[in-house]
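> Following this line is target36.txt, made up of compact mmCIF, C-alpha atoms:
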# COMPACT_ATOMS: atom_id res chain seq x y z
CA MET X 1 31.51 0.65 78.55
CA SER X 2 35.20 1.21 79.14
CA GLN X 3 34.60 2.68 82.55
CA SER X 4 32.60 -0.23 83.89
CA TYR X 5 35.17 -2.95 83.26
CA ASP X 6 38.84 -2.33 83.61
CA ARG X 7 41.35 -4.75 82.17
CA GLY X 8 44.15 -2.53 83.33
CA LEU X 9 46.57 -0.60 81.21
CA ILE X 10 46.31 -3.06 78.31
CA GLU X 11 42.96 -1.55 77.50
CA ASP X 12 44.36 1.69 76.22
CA PHE X 13 48.10 1.85 76.24
CA SER X 14 50.03 -1.31 75.54
CA ARG X 15 48.41 -1.89 72.19
CA TRP X 16 50.76 0.49 70.42
CA ARG X 17 52.49 -2.36 68.62
CA GLU X 18 49.23 -3.09 66.86
CA PHE X 19 48.47 0.50 65.91
CA GLU X 20 47.81 1.08 62.24
CA ALA X 21 49.08 4.00 60.17
CA GLY X 22 46.00 6.18 60.76
CA MET X 23 46.38 5.86 64.52
CA TRP X 24 50.07 6.77 64.44
CA ALA X 25 49.26 9.75 62.24
CA TRP X 26 46.74 10.91 64.82
CA ILE X 27 49.16 10.47 67.72
CA PHE X 28 51.99 12.27 65.92
CA HIS X 29 49.65 15.06 64.89
CA LYS X 30 48.50 15.58 68.47
CA PHE X 31 52.06 15.43 69.78
CA THR X 32 53.48 17.86 67.21
CA GLY X 33 50.51 20.16 67.78
CA TRP X 34 51.22 20.37 71.50
CA VAL X 35 54.94 20.87 70.87
CA LEU X 36 54.15 23.76 68.51
CA ILE X 37 51.84 25.37 71.09
CA GLY X 38 54.55 24.96 73.73
CA TYR X 39 57.08 26.51 71.38
CA LEU X 40 54.76 29.41 70.58
CA PHE X 41 54.54 30.43 74.24
CA THR X 42 58.27 29.97 74.83
CA HIS X 43 58.88 32.03 71.72
CA ILE X 44 56.71 34.87 73.03
CA ALA X 45 58.27 34.70 76.49
CA VAL X 46 61.84 34.77 75.20
CA LEU X 47 61.28 37.52 72.68
CA SER X 48 59.45 39.63 75.30
CA THR X 49 62.70 39.90 77.25
CA GLY X 50 64.11 41.79 74.27
CA ILE X 51 61.39 44.49 74.27
CA PRO X 52 63.63 47.14 75.95
CA ALA X 53 65.79 47.03 72.81
CA SER X 54 63.08 48.93 70.98
CA GLY X 55 64.03 52.04 72.93
CA ALA X 56 67.75 51.66 72.31
CA GLU X 57 69.89 54.07 70.31
CA THR X 58 70.54 53.33 66.63
CA ALA X 59 74.26 53.15 67.33
CA VAL X 60 73.70 50.54 70.03
CA LEU X 61 71.51 48.51 67.67
CA GLN X 62 74.10 48.69 64.93
CA ALA X 63 76.84 47.62 67.30
CA GLY X 64 74.71 44.64 68.29
CA THR X 65 75.06 45.24 72.00
CA ASP X 66 71.34 45.72 72.68
CA VAL X 67 69.45 43.24 74.84
CA TYR X 68 67.53 41.66 71.92
CA THR X 69 70.59 40.84 69.84
CA GLN X 70 72.47 39.71 72.92
CA THR X 71 69.67 37.30 73.87
CA ILE X 72 69.50 35.79 70.40
CA VAL X 73 73.26 35.51 70.02
CA SER X 74 73.74 33.91 73.42
CA LEU X 75 70.93 31.44 72.73
CA GLU X 76 72.34 30.52 69.35
CA GLN X 77 75.69 29.79 70.94
CA LEU X 78 74.19 26.88 72.86
CA LEU X 79 74.48 23.54 71.09
CA LEU X 80 71.24 22.38 72.72
CA VAL X 81 69.32 25.27 71.16
CA ARG X 82 70.73 24.43 67.71
CA ILE X 83 69.62 20.82 68.05
CA LEU X 84 66.21 21.82 69.38
CA GLU X 85 65.80 24.05 66.32
CA VAL X 86 66.25 21.03 64.07
CA GLY X 87 63.66 19.22 66.16
CA LEU X 88 61.29 22.18 65.91
CA LEU X 89 61.60 22.17 62.14
CA ALA X 90 60.88 18.43 62.01
CA VAL X 91 57.81 18.86 64.19
CA ALA X 92 56.51 21.83 62.19
CA VAL X 93 57.09 20.12 58.82
CA PHE X 94 55.32 16.95 59.91
CA HIS X 95 52.41 18.94 61.31
CA MET X 96 52.07 20.83 58.03
CA LEU X 97 52.31 17.76 55.80
CA ASN X 98 49.97 15.67 57.92
CA GLY X 99 47.65 18.66 58.17
CA THR X 100 47.47 18.70 54.39
CA ARG X 101 46.77 14.97 54.48
CA LEU X 102 43.95 15.55 56.98
CA LEU X 103 42.57 18.28 54.75
CA LEU X 104 42.36 15.78 51.92
CA VAL X 105 40.74 13.25 54.26
CA ASP X 106 38.15 15.86 55.24
CA LEU X 107 37.46 16.51 51.59
CA GLY X 108 37.09 12.79 50.99
CA VAL X 109 40.02 12.65 48.58
CA GLY X 110 42.07 9.45 48.42
CA LEU X 111 40.89 7.91 51.67
CA GLU X 112 41.93 4.47 50.53
CA SER X 113 45.55 5.61 50.34
CA GLN X 114 45.56 7.50 53.64
CA ASP X 115 48.21 5.17 55.09
CA ARG X 116 50.54 5.77 52.16
CA SER X 117 50.13 9.52 52.43
CA PHE X 118 51.06 9.25 56.12
CA TYR X 119 54.22 7.33 55.26
CA ALA X 120 54.96 9.86 52.53
CA SER X 121 54.68 12.74 54.99
CA LEU X 122 56.99 10.90 57.39
CA VAL X 123 59.61 10.33 54.69
CA LEU X 124 59.36 13.92 53.47
CA THR X 125 59.71 15.20 57.03
CA GLY X 126 62.80 13.06 57.49
CA ALA X 127 64.33 14.26 54.23
CA ILE X 128 63.69 17.94 54.94
CA THR X 129 65.00 17.60 58.49
CA VAL X 130 68.21 15.93 57.36
CA ALA X 131 68.68 18.56 54.65
CA SER X 132 68.29 21.32 57.25
CA VAL X 133 70.92 19.98 59.63
CA PRO X 134 73.94 21.74 57.98
CA THR X 135 72.13 25.09 58.08
CA PHE X 136 71.08 24.85 61.72
CA VAL X 137 74.12 23.23 63.25
CA ALA X 138 76.82 25.03 61.24
CA GLY X 139 79.45 26.54 63.54
CA ALA X 140 77.86 25.18 66.68
CA PHE X 141 80.71 22.82 67.46
CA MET J 142 55.02 -46.17 51.09
CA SER J 143 56.06 -49.70 51.88
CA THR J 144 54.97 -51.00 48.50
CA GLN J 145 57.26 -48.55 46.79
CA ILE J 146 60.48 -49.70 48.36
CA PRO J 147 61.00 -53.02 46.53
CA LYS J 148 60.07 -51.42 43.24
CA GLU J 149 62.75 -48.83 43.76
CA THR J 150 65.52 -51.40 44.30
CA GLU J 151 64.41 -53.21 41.20
CA GLU J 152 64.80 -50.02 39.21
CA THR J 153 68.27 -49.26 40.50
CA GLU J 154 69.30 -52.78 39.46
CA GLY J 155 67.84 -52.17 36.06
CA SER J 156 69.78 -48.96 35.57
CA LYS J 157 72.99 -50.74 36.60
CA ALA J 158 72.36 -53.33 33.90
CA ASP J 159 71.88 -50.51 31.35
CA ALA J 160 75.18 -48.96 32.25
CA GLU J 161 77.01 -52.30 31.90
CA ALA J 162 75.62 -52.83 28.40
CA GLY J 163 77.92 -50.08 27.09
CA VAL J 164 76.62 -47.53 24.57
CA PRO J 165 72.95 -46.89 25.46
CA SER J 166 70.38 -47.02 22.72
CA LYS J 167 67.82 -44.23 22.15
CA GLY J 168 65.21 -46.32 23.91
CA ASP J 169 67.51 -46.86 26.85
CA VAL J 170 68.09 -43.13 27.14
CA ARG J 171 64.39 -42.53 27.02
CA ARG J 172 63.73 -45.21 29.61
CA ALA J 173 66.48 -43.86 31.85
CA GLU J 174 64.98 -40.41 31.52
CA LYS J 175 61.58 -41.82 32.39
CA ARG J 176 62.96 -43.62 35.43
CA ARG J 177 64.74 -40.51 36.55
CA ARG J 178 61.54 -38.53 36.29
CA ALA J 179 59.58 -41.20 38.15
CA ALA J 180 62.14 -41.16 40.93
CA GLU J 181 61.89 -37.39 41.12
CA LYS J 182 58.13 -37.58 41.34
CA ARG J 183 58.35 -40.20 44.10
CA GLU J 184 60.74 -37.99 46.01
CA GLU J 185 58.35 -35.10 45.65
CA ARG J 186 55.43 -37.18 46.83
CA ARG J 187 57.39 -38.39 49.83
CA ALA J 188 58.26 -34.82 50.82
CA GLU J 189 54.65 -33.83 50.46
CA GLU J 190 53.49 -36.68 52.64
CA ALA J 191 56.06 -35.87 55.28
CA GLU J 192 54.82 -32.32 55.25
CA ARG J 193 51.27 -33.48 55.68
CA ALA J 194 52.26 -35.73 58.55
CA ALA J 195 54.04 -32.83 60.21
CA ALA J 196 50.97 -30.68 59.70
CA ALA J 197 48.80 -33.32 61.34
CA GLU J 198 51.01 -33.20 64.41
CA HIS J 199 51.08 -29.43 64.32
CA THR J 200 49.03 -27.93 67.12
CA ILE J 201 47.93 -24.37 67.60
CA GLU J 202 48.60 -22.72 70.91
CA LEU J 203 45.71 -20.58 72.10
CA ARG J 204 45.77 -18.19 75.02
CA VAL J 205 42.18 -17.46 75.85
CA PHE J 206 40.91 -14.79 78.23
CA ARG J 207 38.81 -16.34 80.99
CA TYR J 208 36.60 -14.55 83.46
CA ASP J 209 33.41 -15.53 85.21
CA PRO J 210 31.86 -13.13 87.70
CA ASP J 211 29.47 -15.81 89.02
CA VAL J 212 32.17 -18.20 90.25
CA GLU J 213 34.29 -16.86 93.03
CA GLU J 214 37.49 -18.63 91.90
CA LYS J 215 37.10 -17.27 88.39
CA GLN J 216 36.44 -13.63 89.19
CA GLU J 217 40.08 -12.79 88.70
CA PRO J 218 40.64 -12.58 84.92
CA ARG J 219 43.21 -15.09 83.66
CA PHE J 220 44.49 -16.63 80.45
CA ASP J 221 44.03 -20.34 79.76
CA THR J 222 46.27 -22.12 77.28
CA TYR J 223 44.84 -24.71 74.89
CA HIS J 224 46.59 -26.79 72.26
CA VAL J 225 44.39 -27.47 69.28
CA PRO J 226 45.39 -29.74 66.35
CA PHE J 227 45.70 -27.75 63.16
CA GLU J 228 43.51 -28.48 60.18
CA LYS J 229 43.74 -26.85 56.80
CA GLY J 230 41.36 -23.91 56.53
CA MET J 231 40.91 -23.64 60.27
CA THR J 232 39.55 -20.37 61.62
CA VAL J 233 39.89 -18.85 65.06
CA LEU J 234 36.29 -19.83 65.76
CA ASP J 235 37.06 -23.46 64.81
CA THR J 236 39.88 -23.60 67.34
CA LEU J 237 37.64 -22.16 70.04
CA ILE J 238 34.88 -24.66 69.27
CA TYR J 239 37.46 -27.47 69.42
CA ALA J 240 38.82 -26.20 72.73
CA ARG J 241 35.35 -25.92 74.21
CA ASP J 242 34.17 -29.35 73.01
CA THR J 243 37.40 -31.13 73.92
CA TYR J 244 38.88 -29.47 76.97
CA ASP J 245 36.57 -27.13 78.81
CA SER J 246 32.85 -26.93 78.23
CA SER J 247 32.64 -23.80 80.35
CA LEU J 248 34.56 -21.76 77.77
CA THR J 249 31.99 -19.20 76.64
CA PHE J 250 31.81 -17.30 73.38
CA ARG J 251 29.10 -16.22 70.96
CA HIS J 252 28.81 -17.77 67.54
CA SER J 253 26.02 -18.68 65.24
CA CYS J 254 26.31 -18.81 61.46
CA ARG J 255 30.12 -19.31 61.27
CA GLN J 256 30.22 -17.56 57.92
CA ALA J 257 30.60 -13.87 58.73
CA VAL J 258 26.92 -13.05 58.39
CA CYS J 259 25.46 -13.03 61.89
CA GLY J 260 28.20 -10.83 63.38
CA SER J 261 28.17 -12.45 66.81
CA ASP J 262 31.80 -13.53 67.14
CA ALA J 263 33.82 -10.35 66.97
CA MET J 264 36.81 -10.81 69.28
CA PHE J 265 40.16 -9.30 70.07
CA VAL J 266 42.62 -11.65 68.37
CA ASN J 267 46.38 -10.98 68.62
CA GLY J 268 45.73 -7.35 69.37
CA GLY J 269 43.12 -6.59 66.73
CA GLN J 270 39.35 -6.69 66.45
CA LYS J 271 38.57 -9.66 64.23
CA LEU J 272 35.58 -11.72 63.27
CA ALA J 273 36.64 -15.11 64.63
CA CYS J 274 34.85 -17.14 61.95
CA LYS J 275 36.52 -15.14 59.18
CA THR J 276 40.07 -15.14 60.53
CA GLN J 277 42.30 -17.92 59.24
CA ILE J 278 44.77 -19.46 61.68
CA VAL J 279 47.52 -19.47 59.05
CA ASP J 280 47.35 -15.67 58.91
CA LEU J 281 48.09 -15.35 62.60
CA GLU J 282 51.23 -15.57 64.65
CA GLU J 283 51.39 -18.12 67.43
CA PRO J 284 50.53 -18.25 70.26
CA ILE J 285 47.14 -16.83 69.38
CA ARG J 286 45.83 -14.54 72.07
CA ILE J 287 42.06 -14.30 72.18
CA GLU J 288 40.32 -11.71 74.31
CA PRO J 289 36.87 -10.19 74.45
CA LEU J 290 36.33 -6.90 72.61
CA PRO J 291 38.09 -4.02 74.37
CA HIS J 292 36.12 -1.05 75.66
CA ALA J 293 33.13 -3.21 76.44
CA ASP J 294 31.78 -4.72 79.62
CA VAL J 295 32.78 -8.39 79.82
CA ARG J 296 29.93 -10.70 80.82
CA LYS J 297 31.85 -13.96 80.78
CA ASP J 298 35.02 -15.16 79.04
CA LEU J 299 34.77 -13.81 75.48
CA VAL J 300 31.23 -12.52 75.74
CA VAL J 301 30.80 -8.77 76.05
CA ASP J 302 27.74 -6.69 76.76
CA MET J 303 26.47 -5.37 73.40
CA GLU J 304 23.62 -3.36 74.91
CA HIS J 305 25.36 -0.02 74.63
CA PHE J 306 26.31 -0.73 71.01
CA TYR J 307 22.73 -1.63 70.16
CA ASP J 308 21.46 1.51 71.92
CA GLN J 309 23.72 3.64 69.72
CA MET J 310 22.54 1.78 66.63
CA GLU J 311 18.90 2.38 67.56
CA ALA J 312 19.62 6.05 68.25
CA VAL J 313 20.03 6.80 64.55
CA GLU J 314 16.67 5.20 63.68
CA PRO J 315 18.10 2.46 61.47
CA TYR J 316 14.99 1.82 59.40
CA PHE J 317 13.56 3.18 56.19
CA GLN J 318 11.30 6.18 56.59
CA THR J 319 9.77 8.28 53.90
CA ASP J 320 7.10 10.86 53.36
CA GLU J 321 7.03 10.31 49.62
CA LEU J 322 5.00 7.26 48.76
CA PRO J 323 4.48 6.01 45.21
CA GLU J 324 1.08 6.64 43.67
CA GLY J 325 -0.51 3.23 43.20
CA GLU J 326 -1.11 1.12 46.24
CA LEU J 327 0.86 -1.81 44.83
CA GLU J 328 3.54 0.36 43.27
CA GLU J 329 7.15 -0.46 44.14
CA GLN J 330 9.41 2.15 45.64
CA ARG J 331 12.37 1.86 43.31
CA GLN J 332 15.89 2.98 43.91
CA SER J 333 18.14 4.06 41.07
CA ARG J 334 21.14 1.85 40.32
CA GLU J 335 23.53 4.72 41.01
CA ASN J 336 21.94 5.36 44.38
CA ARG J 337 22.10 1.68 45.25
CA GLU J 338 25.81 1.68 44.36
CA LYS J 339 26.33 4.65 46.63
CA VAL J 340 24.87 2.99 49.72
CA LYS J 341 25.99 -0.54 48.79
CA MET J 342 28.95 -0.84 51.12
CA SER J 343 27.11 0.73 54.04
CA THR J 344 24.36 -1.89 53.85
CA ARG J 345 26.85 -4.66 54.57
CA CYS J 346 27.08 -3.94 58.29
CA ILE J 347 26.47 -7.04 60.41
CA TRP J 348 26.38 -5.26 63.78
CA CYS J 349 29.42 -7.11 65.14
CA GLY J 350 30.70 -4.10 67.08
CA ALA J 351 34.35 -4.47 66.00
CA CYS J 352 34.53 -0.85 64.82
CA MET J 353 33.05 0.55 68.02
CA SER J 354 35.57 -1.47 70.03
CA SER J 355 38.50 -0.26 67.95
CA CYS J 356 37.50 3.39 68.13
CA ASN J 357 39.65 5.42 70.46
CA VAL J 358 37.10 8.21 70.61
CA ALA J 359 34.19 5.91 71.43
CA ALA J 360 36.31 4.45 74.23
CA GLY J 361 36.59 7.82 75.91
CA ASP J 362 33.11 9.11 75.14
CA ASN J 363 30.24 6.76 75.84
CA GLU J 364 27.76 9.08 74.20
CA TYR J 365 29.56 9.07 70.86
CA LEU J 366 27.36 7.33 68.31
CA GLY J 367 30.28 5.32 67.00
CA PRO J 368 31.24 4.25 63.48
CA ALA J 369 28.59 1.56 63.03
CA ALA J 370 25.68 3.79 63.99
CA ILE J 371 26.93 6.65 61.83
CA ASN J 372 27.36 4.22 58.96
CA LYS J 373 23.75 3.15 59.48
CA ALA J 374 22.69 6.79 59.41
CA TYR J 375 24.68 7.19 56.19
CA ARG J 376 22.90 4.24 54.63
CA PHE J 377 19.53 5.96 55.06
CA ALA J 378 20.56 9.59 54.75
CA MET J 379 22.04 8.83 51.34
CA ASP J 380 19.01 6.87 50.21
CA GLU J 381 17.26 9.17 47.74
CA ARG J 382 13.85 7.59 48.34
CA GLU J 383 13.64 8.99 51.85
CA GLY J 384 13.01 12.57 50.78
CA GLU J 385 14.39 15.90 52.00
CA ASP J 386 12.51 16.19 55.30
CA VAL J 387 13.64 12.81 56.56
CA LYS J 388 17.20 13.49 55.46
CA GLN J 389 17.13 16.76 57.40
CA LYS J 390 15.97 14.91 60.48
CA ARG J 391 18.75 12.35 60.05
CA LEU J 392 21.39 15.04 59.66
CA GLU J 393 20.16 16.64 62.87
CA ILE J 394 20.71 13.37 64.71
CA ILE J 395 24.22 12.79 63.40
CA GLU J 396 25.48 16.37 63.78
CA GLN J 397 24.75 16.69 67.47
CA GLU J 398 27.57 17.08 69.97
CA HIS J 399 28.33 13.35 70.16
CA GLY J 400 27.71 12.67 66.50
CA VAL J 401 29.98 12.79 63.46
CA TRP J 402 32.16 15.62 64.75
CA ARG J 403 33.70 13.37 67.39
CA CYS J 404 35.41 11.36 64.66
CA GLN J 405 39.10 12.22 64.47
CA THR J 406 39.86 10.11 61.38
CA GLN J 407 42.15 7.59 63.01
CA PHE J 408 40.90 5.00 60.50
CA SER J 409 40.83 2.30 63.19
CA CYS J 410 37.24 1.32 62.37
CA THR J 411 37.95 1.10 58.64
CA GLU J 412 40.95 -1.13 59.34
CA VAL J 413 39.08 -3.62 61.52
CA CYS J 414 35.72 -3.81 59.71
CA PRO J 415 35.29 -7.48 58.68
CA LYS J 416 32.97 -6.37 55.89
CA ASP J 417 35.43 -3.80 54.51
CA ILE J 418 32.98 -0.93 54.87
CA PRO J 419 34.81 2.39 54.30
CA LEU J 420 33.50 3.75 57.61
CA THR J 421 35.74 6.79 57.84
CA GLU J 422 34.81 7.77 54.31
CA HIS J 423 31.11 7.61 55.19
CA ILE J 424 31.58 9.60 58.38
CA GLN J 425 33.55 12.24 56.48
CA GLU J 426 30.86 12.46 53.83
CA LEU J 427 28.19 12.97 56.49
CA LYS J 428 30.32 15.73 58.03
CA ARG J 429 30.35 17.48 54.67
CA GLU J 430 26.61 16.94 54.25
CA ALA J 431 26.01 18.42 57.69
CA VAL J 432 28.08 21.49 56.87
CA LYS J 433 26.36 21.91 53.52
CA SER J 434 22.89 21.76 55.06
CA ASN J 435 23.84 24.33 57.69
CA LEU J 436 25.72 26.79 55.50
CA LYS J 437 23.38 29.33 53.98
CA PHE J 438 24.80 32.18 51.93
CA TRP J 439 21.51 33.93 51.43
Can I see the file as structure tokens?


Amino acid sequence: MSQSYDRGLIEDFSRWREFEAGMWAWIFHKFTGWVLIGYLFTHIAVLSTGIPASGAETAVLQAGTDVYTQTIVSLEQLLLVRILEVGLLAVAVFHMLNGTRLLLVDLGVGLESQDRSFYASLVLTGAITVASVPTFVAGAF
Amino acid sequence: MSTQIPKETEETEGSKADAEAGVPSKGDVRRAEKRRRAAEKREERRAEEAERAAAAEHTIELRVFRYDPDVEEKQEPRFDTYHVPFEKGMTVLDTLIYARDTYDSSLTFRHSCRQAVCGSDAMFVNGGQKLACKTQIVDLEEPIRIEPLPHADVRKDLVVDMEHFYDQMEAVEPYFQTDELPEGELEEQRQSRENREKVKMSTRCIWCGACMSSCNVAAGDNEYLGPAAINKAYRFAMDEREGEDVKQKRLEIIEQEHGVWRCQTQFSCTEVCPKDIPLTEHIQELKREAVKSNLKFW
């Protein structure tokens, strides 16, 4: 099959202009899934650096000079981190909404409107992301 | 057209005479109205004819994939351009037949019934799997790019090897089997109307292979049964006349490693199916059936 005759990259990749909704949903779901896994490991790695704070004095913790608080505060000062947080929210929201859509597909509910539910999850993701911008970016500039 | 021109001048003279006569009578008004309407109609007809003449000159530009492994000069795949005069109701297959009969008799493609029944002319038209005999030219953007089905071995030009597709279809045993026969020898084996409705869409498959070609998963996994074969399995697994044992056997076939669970619900097959079979829906239903038959809470 595909292995025995190769028409070059057109076979698999340059057809994206012709992709239908279901295909885009699948691609976005895969992409957001990998981003979330990547974030999970970064999250664990970054937070692990704050473990020594667990042995710190109460006074130090209250003063906010312990390593955990310092790490978080210094990260939050970076504009890039603030923007990435917005991106992370967008990715997570889309993954959740499309995951719900896939759940319905698995249950055989509303398969004839699967494209519309994909567009709906895109629009909802966009709306929630835009609404979150003030919260995430406040005071970053 | 030429016969209408003198008549027209006559009428304009007539209307001039009416205007000179001063206050127009009711009849004159009516006649003037009639003339005006006739002139309008003539204008309309002329526009229509011009349109038709333009349509007659209108040609379709085709870019057709060419490849022939037997001729050394043609082993390198290329695209040939053909210009085919447009006719109302023309399909992609019609343009190909015209191009073959008029320009290049070596242009090779499969076709038989030309009415979307035999399923031999599935092609990749403007980036989508289409049944050439069912795809109207007016629905397509020009130039029309025609290629053989992707993810299949090309034999020549637009002809692909269907062997693998047929193997997958055979793998699900696409024929009626039952262990429950009716009593009398001449008794019919009837199906309930509801059951017939349930499998109705799945029986429409014409084995064109468009779904298999569009499936991203089938492209990467040659052992995957593919949408058409699973749909075939659905057609029989859902047939109540087959009995429990046969259904169990069918579920075992479709729930193996390269069966229904490979489907990732991209809906590509459902989008391209020329017979509008809800393939994804059928695959999903078989997934649920497979789970149900395996889950035992006792």

> Taking only C-alpha atoms into account, which residues of chain J are within 9 Å of chain X, as a ChimeraX atom specification?

/J:218,267-269,291-295,302,305,357,360-361,363,405-409,412,419,421-423,425-426,428-429

> Which residues are near stretch 35-49 of chain X? Cut-off 8 Å, all atoms listed in the file, ignore same chain within fewer than 5 positions. Put them as a PyMOL selection string.

chain X and resi 67-68+88+91-92

> Determine, counting only C-alpha atoms, which protein, DNA and RNA residues have an atom within 10 Å of an atom of X:Ser121; residues of the same chain fewer than 3 positions away are not included. Present the result as a list in words.

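Skipping anything fewer than 3 positions along the chain leaves Ala25, Val93, Phe94, His95, Met96, Leu97, Asn98, Gly99, Thr100, Arg101, Asp115, Arg116, Ser117, Phe118, Leu124, Thr125, Gly126 and Ala127 of chain X.
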
> Near J:Lys388, counting only C-alpha atoms, which residues have an atom at most 9 Å away, once you skip same-chain residues fewer than 5 positions from it, shown as a ChimeraX atom specification?

/J:377-381,383,393

> What's around X:Leu79 at 12 Å? Count all atoms listed in the file, leave out sequence neighbours fewer than 4 positions away in its own chain, and write the answer as a list in words.

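After dropping sequence-adjacent residues, the list is Ser74, Leu75, Ile83, Leu84, Glu85, Val86, Phe136, Val137, Ala138, Gly139, Ala140 and Phe141 of chain X.
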
> If I take atom CA of J:Cys410 and atom CA of J:Arg337, how far is one from the other in Å, to one decimal?

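Interatomic distance, atom CA of J:Cys410 to atom CA of J:Arg337: 22.9 Å.
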
> J:Arg204, J:Val340, J:Val266, J:Ile424: which is nearest J:Leu281, counting only C-alpha atoms?

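Using only C-alpha atoms, J:Leu281 sits closest to J:Val266.
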
> To one decimal place, how far is atom CA of J:Ala370 from atom CA of J:Met303 in Å?

13.2 Å

> Quick one: stretch 107-127 of chain X with N, CA and C atoms, as a PDB file, in the frame of the given file?


ATOM      1  N   LEU X 107      38.119  16.279  52.870  1.00  0.00           N
ATOM      2  CA  LEU X 107      37.460  16.510  51.590  1.00  0.00           C
ATOM      3  C   LEU X 107      37.055  15.198  50.926  1.00  0.00           C
ATOM      4  N   GLY X 108      37.447  14.099  51.548  1.00  0.00           N
ATOM      5  CA  GLY X 108      37.090  12.790  50.990  1.00  0.00           C
ATOM      6  C   GLY X 108      37.934  12.419  49.785  1.00  0.00           C
ATOM      7  N   VAL X 109      39.152  12.964  49.706  1.00  0.00           N
ATOM      8  CA  VAL X 109      40.020  12.650  48.580  1.00  0.00           C
ATOM      9  C   VAL X 109      41.019  11.563  48.979  1.00  0.00           C
ATOM     10  N   GLY X 110      41.052  10.491  48.226  1.00  0.00           N
ATOM     11  CA  GLY X 110      42.070   9.450  48.420  1.00  0.00           C
ATOM     12  C   GLY X 110      42.076   8.818  49.794  1.00  0.00           C
ATOM     13  N   LEU X 111      40.917   8.503  50.341  1.00  0.00           N
ATOM     14  CA  LEU X 111      40.890   7.910  51.670  1.00  0.00           C
ATOM     15  C   LEU X 111      41.449   6.501  51.699  1.00  0.00           C
ATOM     16  N   GLU X 112      41.415   5.844  50.530  1.00  0.00           N
ATOM     17  CA  GLU X 112      41.930   4.470  50.530  1.00  0.00           C
ATOM     18  C   GLU X 112      43.462   4.437  50.552  1.00  0.00           C
ATOM     19  N   SER X 113      44.088   5.596  50.261  1.00  0.00           N
ATOM     20  CA  SER X 113      45.550   5.610  50.340  1.00  0.00           C
ATOM     21  C   SER X 113      46.021   6.498  51.479  1.00  0.00           C
ATOM     22  N   GLN X 114      45.188   6.637  52.521  1.00  0.00           N
ATOM     23  CA  GLN X 114      45.560   7.500  53.640  1.00  0.00           C
ATOM     24  C   GLN X 114      46.810   7.005  54.351  1.00  0.00           C
ATOM     25  N   ASP X 115      47.014   5.669  54.410  1.00  0.00           N
ATOM     26  CA  ASP X 115      48.210   5.170  55.090  1.00  0.00           C
ATOM     27  C   ASP X 115      49.468   5.531  54.312  1.00  0.00           C
ATOM     28  N   ARG X 116      49.368   5.432  52.980  1.00  0.00           N
ATOM     29  CA  ARG X 116      50.540   5.770  52.160  1.00  0.00           C
ATOM     30  C   ARG X 116      50.884   7.252  52.263  1.00  0.00           C
ATOM     31  N   SER X 117      49.830   8.093  52.333  1.00  0.00           N
ATOM     32  CA  SER X 117      50.130   9.520  52.430  1.00  0.00           C
ATOM     33  C   SER X 117      50.753   9.853  53.786  1.00  0.00           C
ATOM     34  N   PHE X 118      50.401   9.058  54.810  1.00  0.00           N
ATOM     35  CA  PHE X 118      51.060   9.250  56.120  1.00  0.00           C
ATOM     36  C   PHE X 118      52.525   8.884  56.027  1.00  0.00           C
ATOM     37  N   TYR X 119      52.816   7.736  55.404  1.00  0.00           N
ATOM     38  CA  TYR X 119      54.220   7.330  55.260  1.00  0.00           C
ATOM     39  C   TYR X 119      54.982   8.359  54.422  1.00  0.00           C
ATOM     40  N   ALA X 120      54.320   8.862  53.380  1.00  0.00           N
ATOM     41  CA  ALA X 120      54.960   9.860  52.530  1.00  0.00           C
ATOM     42  C   ALA X 120      55.308  11.101  53.341  1.00  0.00           C
ATOM     43  N   SER X 121      54.377  11.533  54.208  1.00  0.00           N
ATOM     44  CA  SER X 121      54.680  12.740  54.990  1.00  0.00           C
ATOM     45  C   SER X 121      55.802  12.469  55.983  1.00  0.00           C
ATOM     46  N   LEU X 122      55.881  11.248  56.491  1.00  0.00           N
ATOM     47  CA  LEU X 122      56.990  10.900  57.390  1.00  0.00           C
ATOM     48  C   LEU X 122      58.318  10.973  56.654  1.00  0.00           C
ATOM     49  N   VAL X 123      58.360  10.364  55.464  1.00  0.00           N
ATOM     50  CA  VAL X 123      59.610  10.330  54.690  1.00  0.00           C
ATOM     51  C   VAL X 123      60.030  11.737  54.301  1.00  0.00           C
ATOM     52  N   LEU X 124      59.070  12.533  53.850  1.00  0.00           N
ATOM     53  CA  LEU X 124      59.360  13.920  53.470  1.00  0.00           C
ATOM     54  C   LEU X 124      59.894  14.709  54.663  1.00  0.00           C
ATOM     55  N   THR X 125      59.248  14.522  55.818  1.00  0.00           N
ATOM     56  CA  THR X 125      59.710  15.200  57.030  1.00  0.00           C
ATOM     57  C   THR X 125      61.153  14.834  57.320  1.00  0.00           C
ATOM     58  N   GLY X 126      61.438  13.531  57.230  1.00  0.00           N
ATOM     59  CA  GLY X 126      62.800  13.060  57.490  1.00  0.00           C
ATOM     60  C   GLY X 126      63.785  13.701  56.525  1.00  0.00           C
ATOM     61  N   ALA X 127      63.428  13.725  55.249  1.00  0.00           N
ATOM     62  CA  ALA X 127      64.330  14.260  54.230  1.00  0.00           C
ATOM     63  C   ALA X 127      64.601  15.747  54.477  1.00  0.00           C
TER      64      ALA X 127
END
